[in-house]
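Below: one structure, written as structure tokens.
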Amino acid sequence: MLLDEYGVHGMSRQDRKVNTGEAAAALGSVWLGMAGLVFSHLWSVIDPIRANMKLLKIGSWIPGWWGIGSYAGKQTVALALWIGGWAVLHLLFKQQEVNLKRWVYAFLIGFAVLMLLIWPPIYHNLFGWNPAL
Amino acid sequence: MTMKKPIWHLKDLAFMQAGVTALLFLTIPILNLVGPGGNKWPGVLHGLGSTLTLIFGLQALHQIYPLLRGKEGSAEKLERTLWMLNGLVLLAIIFGNWLYIAYRAPDGLQQWELFYNPSMHLVAMEFKEFVALFALPMGVSAAFILRRFRDAMHLDHAISGAVAILVSLTWFCLLIGFVLGIAITKNNVT
């Protein structure tokens with residue numbers, strides 16, 4: 001009963017304030033991770049020789065990287081930006097109240113932009129139709 | 001006049017319907033075990049994982065409506081579904097990476113596609129292999145926001161709005177991965 005109503009710090013559940021900055025940080029870091037995936041892929045389309053060597057090395061911690069290829073590196077870049085970005089943004093924004101509505105709309109626009117950039121007919125038209133292997 | 005009682009409990013009927021639907025739906029990937037071709041297990045497991053993510057993703061999609069209406073306990077229920085979904089998405093990604101080795105291997109499906117039907121790799125695969133991954137961070141963030149703000153949902157409507165958008169986009173990405181994934185397997189008939 002006592003534990004239900006009072007947390008370990010002696011505050012009731014309603015008093016323990018969580019700032020909307022935490023939700024904003026979660027949204028922002030998701031966008032960073034997705035952007036990491038999209039831009040590392042575009043890099044490997046634009047400059048495959050250099051990018052794929054680098055991405056293969058970055059992805060070599062994943063079992064089977066030798067068969068997965070540069071895709072392993074792209075996933076690693078995305079994972080690092082998502083988790084690393086989340087840690088940084090969380091520390092930056094957790095004390096702040098933000099206009100979350102604005103963050104949600106910005107996230108939606110950012111998502112739409114990434115979907116256009118990763119849609120193959122668009123980037124292949126811009127950078128050539130060599131397959132990303 | 002009193003209402004006649006139905007001959008079944010409604011809960012039993014709903015459970016049967018859902019169970020039979022799920023079972024038949026899951027046979028889509030499982031039937032590949034008796035299909036042609038080698039390297040069946042990574043494909044069957046990836047298919048099973050992604051089919052299950054679709055079932056849980058749809059459940060999560062339904063559960064955002066009580067959340068948006070502010071129903072009591074809806075945040076906890078959606079969060080539970082989302083953690084299960086996130087676990088399944090992670091499994092599907094791991095099996096997908098395993099399957100990708102065979103896909104890229106010499107004489108594999110990628111080479112076949114580039115020779116006979118290049119847009120299947122150049123458009124379908126190069127799109128879905130990235131978009132399907134988006135489901136993981138979005139699902140995890142939605143579950144995290146629900147966990148942190150479950151008692152503060154009523155303070156700012158943008159919180160449940162953010163969760164609703166994240167769950168909807170997760171579902172959208174899962175569906176793209178599923179539909180294009182099935183399209184790519186249809187190519188494996190020479």
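Please note that chains go A, B, ... in the order of the structure tokens, that every chain numbers its residues from 1, and that ligands are numbered from 1 in the order shown.
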Distance table requested - chain A against chain B, cut-off 8 Å, only C-alpha atoms: one row per qualifying residue with the closest atom pair and its distance in Å to one decimal, ordered by chain and rising residue number, as a Markdown table.
| residue | atom | partner | partner_atom | distance |
| --- | --- | --- | --- | --- |
| A:Arg13 | CA | B:Asp151 | CA | 7.5 |
| A:Gln14 | CA | B:Asp151 | CA | 7.1 |
| A:Val18 | CA | B:Phe149 | CA | 6.8 |
| A:Thr20 | CA | B:Ile159 | CA | 7.8 |
| A:Glu22 | CA | B:Ile145 | CA | 7.9 |
| A:Ala23 | CA | B:Ile145 | CA | 5.9 |
| A:Ala26 | CA | B:Ser141 | CA | 5.7 |
| A:Leu27 | CA | B:Ser141 | CA | 7.0 |
| A:Val30 | CA | B:Pro137 | CA | 5.7 |
| A:Gly33 | CA | B:Pro137 | CA | 7.8 |
| A:Met34 | CA | B:Phe134 | CA | 6.3 |
| A:Leu37 | CA | B:Phe130 | CA | 7.1 |
| A:Val38 | CA | B:Phe130 | CA | 7.5 |
| A:Gly64 | CA | B:Trp98 | CA | 7.2 |
| A:Gly67 | CA | B:Ile101 | CA | 4.6 |
| A:Ile68 | CA | B:Ile101 | CA | 5.1 |
| A:Trp82 | CA | B:Pro137 | CA | 7.6 |
| A:Leu100 | CA | B:Ala158 | CA | 5.8 |
| A:Lys101 | CA | B:Ala158 | CA | 5.2 |
| A:Val104 | CA | B:Ala162 | CA | 5.9 |
| A:Met115 | CA | B:Val131 | CA | 7.9 |
| A:Ile118 | CA | B:Phe127 | CA | 6.5 |
| A:Trp119 | CA | B:Phe127 | CA | 6.0 |
| A:Pro120 | CA | B:Val123 | CA | 5.2 |
| A:Pro121 | CA | B:Val123 | CA | 6.7 |
| A:Trp129 | CA | B:Leu122 | CA | 7.9 |
| A:Pro131 | CA | B:Leu122 | CA | 5.9 |
| A:Ala132 | CA | B:Glu126 | CA | 7.4 |
| A:Leu133 | CA | B:Arg104 | CA | 7.4 |
Please write the residues from the selection above to a file, keeping N, CA, C and O atoms, as a CSV table (one decimal), in the first residue's frame.
chain,number,residue,atom,x,y,z
A,13,ARG,N,3.3,9.3,-7.2
A,13,ARG,CA,3.5,9.1,-8.6
A,13,ARG,C,3.2,10.4,-9.4
A,13,ARG,O,3.9,10.6,-10.4
A,14,GLN,N,2.2,11.1,-9.0
A,14,GLN,CA,1.9,12.3,-9.7
A,14,GLN,C,3.0,13.4,-9.6
A,14,GLN,O,3.1,14.2,-10.5
A,18,VAL,N,8.0,13.9,-15.3
A,18,VAL,CA,8.8,13.5,-16.4
A,18,VAL,C,8.7,14.6,-17.5
A,18,VAL,O,7.6,15.0,-17.8
A,20,THR,N,8.8,16.5,-21.1
A,20,THR,CA,8.5,16.1,-22.5
A,20,THR,C,9.8,16.1,-23.3
A,20,THR,O,9.8,15.5,-24.4
A,22,GLU,N,12.2,14.3,-22.8
A,22,GLU,CA,12.6,12.8,-22.9
A,22,GLU,C,12.0,12.2,-24.2
A,22,GLU,O,12.6,11.5,-24.9
A,23,ALA,N,10.7,12.5,-24.4
A,23,ALA,CA,10.0,12.0,-25.6
A,23,ALA,C,10.6,12.6,-26.9
A,23,ALA,O,10.8,11.9,-27.9
A,26,ALA,N,13.8,10.8,-27.6
A,26,ALA,CA,13.5,9.5,-28.3
A,26,ALA,C,13.2,9.7,-29.7
A,26,ALA,O,13.7,9.0,-30.6
A,27,LEU,N,12.3,10.7,-30.1
A,27,LEU,CA,12.0,10.9,-31.5
A,27,LEU,C,13.2,11.3,-32.3
A,27,LEU,O,13.4,10.8,-33.4
A,30,VAL,N,15.6,8.5,-33.0
A,30,VAL,CA,15.1,7.5,-34.0
A,30,VAL,C,15.4,8.1,-35.4
A,30,VAL,O,15.9,7.4,-36.3
A,33,GLY,N,19.1,7.7,-36.3
A,33,GLY,CA,19.4,6.3,-36.7
A,33,GLY,C,19.0,6.0,-38.1
A,33,GLY,O,19.7,5.5,-38.9
A,34,MET,N,17.7,6.4,-38.4
A,34,MET,CA,17.2,6.2,-39.8
A,34,MET,C,18.0,6.9,-40.8
A,34,MET,O,18.3,6.4,-41.9
A,37,LEU,N,21.2,5.2,-41.6
A,37,LEU,CA,21.0,4.1,-42.6
A,37,LEU,C,20.9,4.6,-44.0
A,37,LEU,O,21.6,4.1,-44.9
A,38,VAL,N,20.1,5.7,-44.1
A,38,VAL,CA,19.8,6.2,-45.5
A,38,VAL,C,21.1,6.8,-46.1
A,38,VAL,O,21.5,6.5,-47.2
A,64,GLY,N,28.8,-13.3,-39.6
A,64,GLY,CA,28.4,-13.4,-41.0
A,64,GLY,C,28.6,-12.2,-41.9
A,64,GLY,O,28.2,-12.1,-43.0
A,67,GLY,N,29.5,-12.3,-45.5
A,67,GLY,CA,28.5,-12.6,-46.5
A,67,GLY,C,27.4,-11.5,-46.6
A,67,GLY,O,26.8,-11.3,-47.6
A,68,ILE,N,27.2,-10.8,-45.5
A,68,ILE,CA,26.2,-9.7,-45.5
A,68,ILE,C,26.7,-8.5,-46.2
A,68,ILE,O,25.9,-7.8,-46.8
A,82,TRP,N,21.7,5.9,-33.6
A,82,TRP,CA,20.4,5.8,-32.8
A,82,TRP,C,20.7,5.7,-31.3
A,82,TRP,O,20.3,6.6,-30.5
A,100,LEU,N,6.2,19.5,-27.7
A,100,LEU,CA,6.3,18.1,-28.3
A,100,LEU,C,5.5,18.0,-29.6
A,100,LEU,O,5.9,17.3,-30.5
A,101,LYS,N,4.4,18.8,-29.7
A,101,LYS,CA,3.6,18.8,-31.0
A,101,LYS,C,4.5,19.1,-32.1
A,101,LYS,O,4.5,18.5,-33.2
A,104,VAL,N,6.8,16.3,-33.0
A,104,VAL,CA,6.1,15.2,-33.7
A,104,VAL,C,6.0,15.6,-35.2
A,104,VAL,O,6.2,14.8,-36.1
A,115,MET,N,12.2,8.8,-46.6
A,115,MET,CA,11.5,7.8,-47.4
A,115,MET,C,11.7,8.2,-48.9
A,115,MET,O,11.9,7.3,-49.7
A,118,ILE,N,15.4,7.3,-49.8
A,118,ILE,CA,15.8,5.9,-49.9
A,118,ILE,C,15.0,5.2,-51.0
A,118,ILE,O,15.1,4.0,-51.2
A,119,TRP,N,14.0,5.9,-51.6
A,119,TRP,CA,13.2,5.3,-52.7
A,119,TRP,C,14.1,5.1,-53.9
A,119,TRP,O,14.6,6.1,-54.5
A,120,PRO,N,14.5,3.9,-54.3
A,120,PRO,CA,15.5,3.6,-55.3
A,120,PRO,C,15.3,4.4,-56.6
A,120,PRO,O,16.3,4.9,-57.2
A,121,PRO,N,14.1,4.4,-57.2
A,121,PRO,CA,14.0,5.2,-58.5
A,121,PRO,C,14.6,6.6,-58.4
A,121,PRO,O,15.1,7.1,-59.4
A,129,TRP,N,22.5,3.7,-62.3
A,129,TRP,CA,21.7,2.5,-62.0
A,129,TRP,C,22.6,1.3,-61.6
A,129,TRP,O,22.2,0.2,-61.8
A,131,PRO,N,23.8,-1.5,-59.4
A,131,PRO,CA,23.2,-2.1,-58.2
A,131,PRO,C,24.0,-2.0,-57.0
A,131,PRO,O,25.3,-2.0,-57.1
A,132,ALA,N,23.4,-1.7,-55.8
A,132,ALA,CA,24.1,-1.8,-54.6
A,132,ALA,C,24.2,-3.2,-54.1
A,132,ALA,O,23.1,-3.8,-53.9
A,133,LEU,N,25.3,-3.8,-54.1
A,133,LEU,CA,25.4,-5.3,-53.9
A,133,LEU,C,25.6,-5.6,-52.4
A,133,LEU,O,26.3,-5.0,-51.7
Got a sec: who's within 8 Å of B:Gln63, counting only C-alpha atoms, leaving out chain neighbours fewer than 4 positions off, as a count of residues only? 5
Contacts of A:Ile46 at 9 Å or less, counting only C-alpha atoms, minus same-chain residues fewer than 3 places along, as a PyMOL selection string? chain A and resi 41-43+51+127-128
Restricting it to N, CA, C and O atoms, dump the selection as a CSV table (one decimal), in the first residue's frame.
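And here is the file that came out, again33.csv:
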chain,number,residue,atom,x,y,z
A,41,HIS,N,23.9,4.4,-47.0
A,41,HIS,CA,23.6,3.7,-48.2
A,41,HIS,C,23.8,4.6,-49.4
A,41,HIS,O,24.4,4.1,-50.4
A,42,LEU,N,23.4,5.8,-49.3
A,42,LEU,CA,23.6,6.7,-50.5
A,42,LEU,C,25.1,6.9,-50.7
A,42,LEU,O,25.5,7.0,-51.9
A,43,TRP,N,25.9,6.9,-49.6
A,43,TRP,CA,27.3,7.0,-49.8
A,43,TRP,C,27.9,5.9,-50.6
A,43,TRP,O,28.7,6.0,-51.5
A,51,ALA,N,33.4,3.6,-50.1
A,51,ALA,CA,32.4,3.4,-49.0
A,51,ALA,C,32.3,1.9,-48.6
A,51,ALA,O,32.2,1.6,-47.4
A,127,PHE,N,22.1,9.1,-59.3
A,127,PHE,CA,23.5,8.7,-59.2
A,127,PHE,C,23.8,7.4,-60.0
A,127,PHE,O,24.9,6.8,-59.8
A,128,GLY,N,23.0,7.1,-60.9
A,128,GLY,CA,23.3,5.9,-61.8
A,128,GLY,C,22.6,4.6,-61.3
A,128,GLY,O,22.3,4.5,-60.1
Quick one: residues within 8 Å of B:Leu68, only C-alpha atoms, excluding same-chain residues fewer than 4 positions away - as a VMD selection string? chain B and resid 64 160 to 161 164
Write out as a PyMOL selection string the residues lying within 9 Å of A:Gly28, counting only C-alpha atoms and excluding same-chain residues fewer than 6 positions away. chain A and resi 82+85-86+89+103+107
So that I can see what lies close to B:Ile176, please list as number ranges by chain the residues with an atom at most 7 Å from it, counting only C-alpha atoms and leaving out residues fewer than 4 positions away in the same chain. B: 128, 132, 172, 180
Keeping only C-alpha atoms, write the selected residues as an mmCIF file, in the first residue's frame.
data_model
loop_
_atom_site.group_PDB
_atom_site.id
_atom_site.type_symbol
_atom_site.label_atom_id
_atom_site.label_comp_id
_atom_site.auth_asym_id
_atom_site.auth_seq_id
_atom_site.Cartn_x
_atom_site.Cartn_y
_atom_site.Cartn_z
ATOM 1 C CA LYS B 128 12.674 -2.905 -48.217
ATOM 2 C CA ALA B 132 11.866 -2.651 -42.685
ATOM 3 C CA PHE B 172 3.669 0.984 -42.339
ATOM 4 C CA LEU B 180 8.069 -6.587 -50.979
#
Backbone DSSP call of alpha helix (DSSP H) for chain A, listed as a PyMOL selection string: chain A and resi 2-5+21-46+48-58+65-68+70-93+100-118+120-127
Selected residues written out, C-alpha atoms, as a compact mmCIF listing (two decimals), in the first residue's frame:
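So the final result, stored in again.txt, reads:
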# COMPACT_ATOMS: atom_id res chain seq x y z
CA LEU A 2 2.68 2.45 1.06
CA LEU A 3 4.91 1.35 -1.79
CA ASP A 4 2.09 1.78 -4.28
CA GLU A 5 1.45 5.37 -3.40
CA GLY A 21 12.14 16.59 -23.49
CA GLU A 22 12.61 12.85 -22.93
CA ALA A 23 10.00 12.02 -25.59
CA ALA A 24 11.58 14.58 -27.93
CA ALA A 25 15.00 12.97 -27.42
CA ALA A 26 13.55 9.53 -28.25
CA LEU A 27 11.97 10.89 -31.46
CA GLY A 28 15.12 12.76 -32.49
CA SER A 29 17.39 9.78 -31.97
CA VAL A 30 15.13 7.53 -34.04
CA TRP A 31 15.40 10.02 -36.89
CA LEU A 32 19.21 10.14 -36.49
CA GLY A 33 19.43 6.33 -36.69
CA MET A 34 17.20 6.16 -39.77
CA ALA A 35 19.18 8.99 -41.40
CA GLY A 36 22.41 7.09 -40.67
CA LEU A 37 21.04 4.09 -42.55
CA VAL A 38 19.84 6.18 -45.49
CA PHE A 39 22.96 8.34 -45.88
CA SER A 40 25.44 5.48 -45.44
CA HIS A 41 23.55 3.67 -48.21
CA LEU A 42 23.57 6.74 -50.47
CA TRP A 43 27.32 7.05 -49.80
CA SER A 44 27.84 3.46 -50.97
CA VAL A 45 25.84 4.21 -54.13
CA ILE A 46 27.77 7.40 -54.92
CA PRO A 48 31.03 2.36 -53.86
CA ILE A 49 34.72 1.48 -53.90
CA ARG A 50 35.71 3.58 -50.92
CA ALA A 51 32.40 3.41 -49.03
CA ASN A 52 31.97 -0.36 -49.24
CA MET A 53 35.51 -1.02 -47.95
CA LYS A 54 34.89 1.27 -45.00
CA LEU A 55 31.38 -0.07 -44.30
CA LEU A 56 32.58 -3.67 -44.50
CA LYS A 57 35.18 -2.89 -41.84
CA ILE A 58 32.68 -1.08 -39.59
CA TRP A 65 29.64 -9.90 -42.05
CA TRP A 66 31.72 -11.52 -44.82
CA GLY A 67 28.46 -12.62 -46.48
CA ILE A 68 26.23 -9.71 -45.47
CA SER A 70 28.38 -3.43 -46.72
CA TYR A 71 24.82 -3.82 -45.36
CA ALA A 72 26.37 -4.91 -42.04
CA GLY A 73 28.25 -1.60 -41.90
CA LYS A 74 25.15 0.43 -42.75
CA GLN A 75 23.24 -1.27 -39.92
CA THR A 76 26.14 -0.55 -37.56
CA VAL A 77 26.18 3.16 -38.47
CA ALA A 78 22.41 3.32 -37.90
CA LEU A 79 22.60 1.50 -34.56
CA ALA A 80 25.46 3.69 -33.31
CA LEU A 81 23.71 6.93 -34.30
CA TRP A 82 20.41 5.78 -32.77
CA ILE A 83 21.80 4.61 -29.42
CA GLY A 84 24.60 7.19 -29.18
CA GLY A 85 22.29 9.98 -30.34
CA TRP A 86 19.66 8.87 -27.83
CA ALA A 87 22.15 9.07 -24.95
CA VAL A 88 23.29 12.55 -25.97
CA LEU A 89 19.82 13.96 -26.71
CA HIS A 90 18.40 12.43 -23.54
CA LEU A 91 21.01 14.20 -21.42
CA LEU A 92 20.45 17.45 -23.33
CA PHE A 93 16.65 17.51 -23.15
CA LEU A 100 6.27 18.13 -28.28
CA LYS A 101 3.65 18.76 -30.95
CA ARG A 102 6.26 20.62 -32.98
CA TRP A 103 8.72 17.72 -32.54
CA VAL A 104 6.11 15.22 -33.75
CA TYR A 105 5.44 17.25 -36.90
CA ALA A 106 9.17 17.71 -37.52
CA PHE A 107 9.63 13.95 -37.12
CA LEU A 108 6.87 13.29 -39.67
CA ILE A 109 8.45 15.65 -42.20
CA GLY A 110 11.90 14.16 -41.54
CA PHE A 111 10.50 10.65 -42.02
CA ALA A 112 8.92 11.63 -45.34
CA VAL A 113 12.21 13.14 -46.54
CA LEU A 114 14.11 9.95 -45.66
CA MET A 115 11.52 7.80 -47.44
CA LEU A 116 12.00 9.88 -50.59
CA LEU A 117 15.80 9.70 -50.34
CA ILE A 118 15.79 5.89 -49.90
CA PRO A 120 15.53 3.62 -55.31
CA PRO A 121 14.04 5.16 -58.50
CA ILE A 122 15.00 8.60 -57.14
CA TYR A 123 18.58 7.98 -56.02
CA HIS A 124 19.34 5.67 -58.96
CA ASN A 125 18.14 8.38 -61.33
CA LEU A 126 20.45 10.86 -59.63
CA PHE A 127 23.53 8.66 -59.16
Kindly give the distance, in Å, that separates atom CA of B:Gly108 and atom CA of A:Ser60, rounded to a single decimal.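 A separation of 21.8 Å between them.
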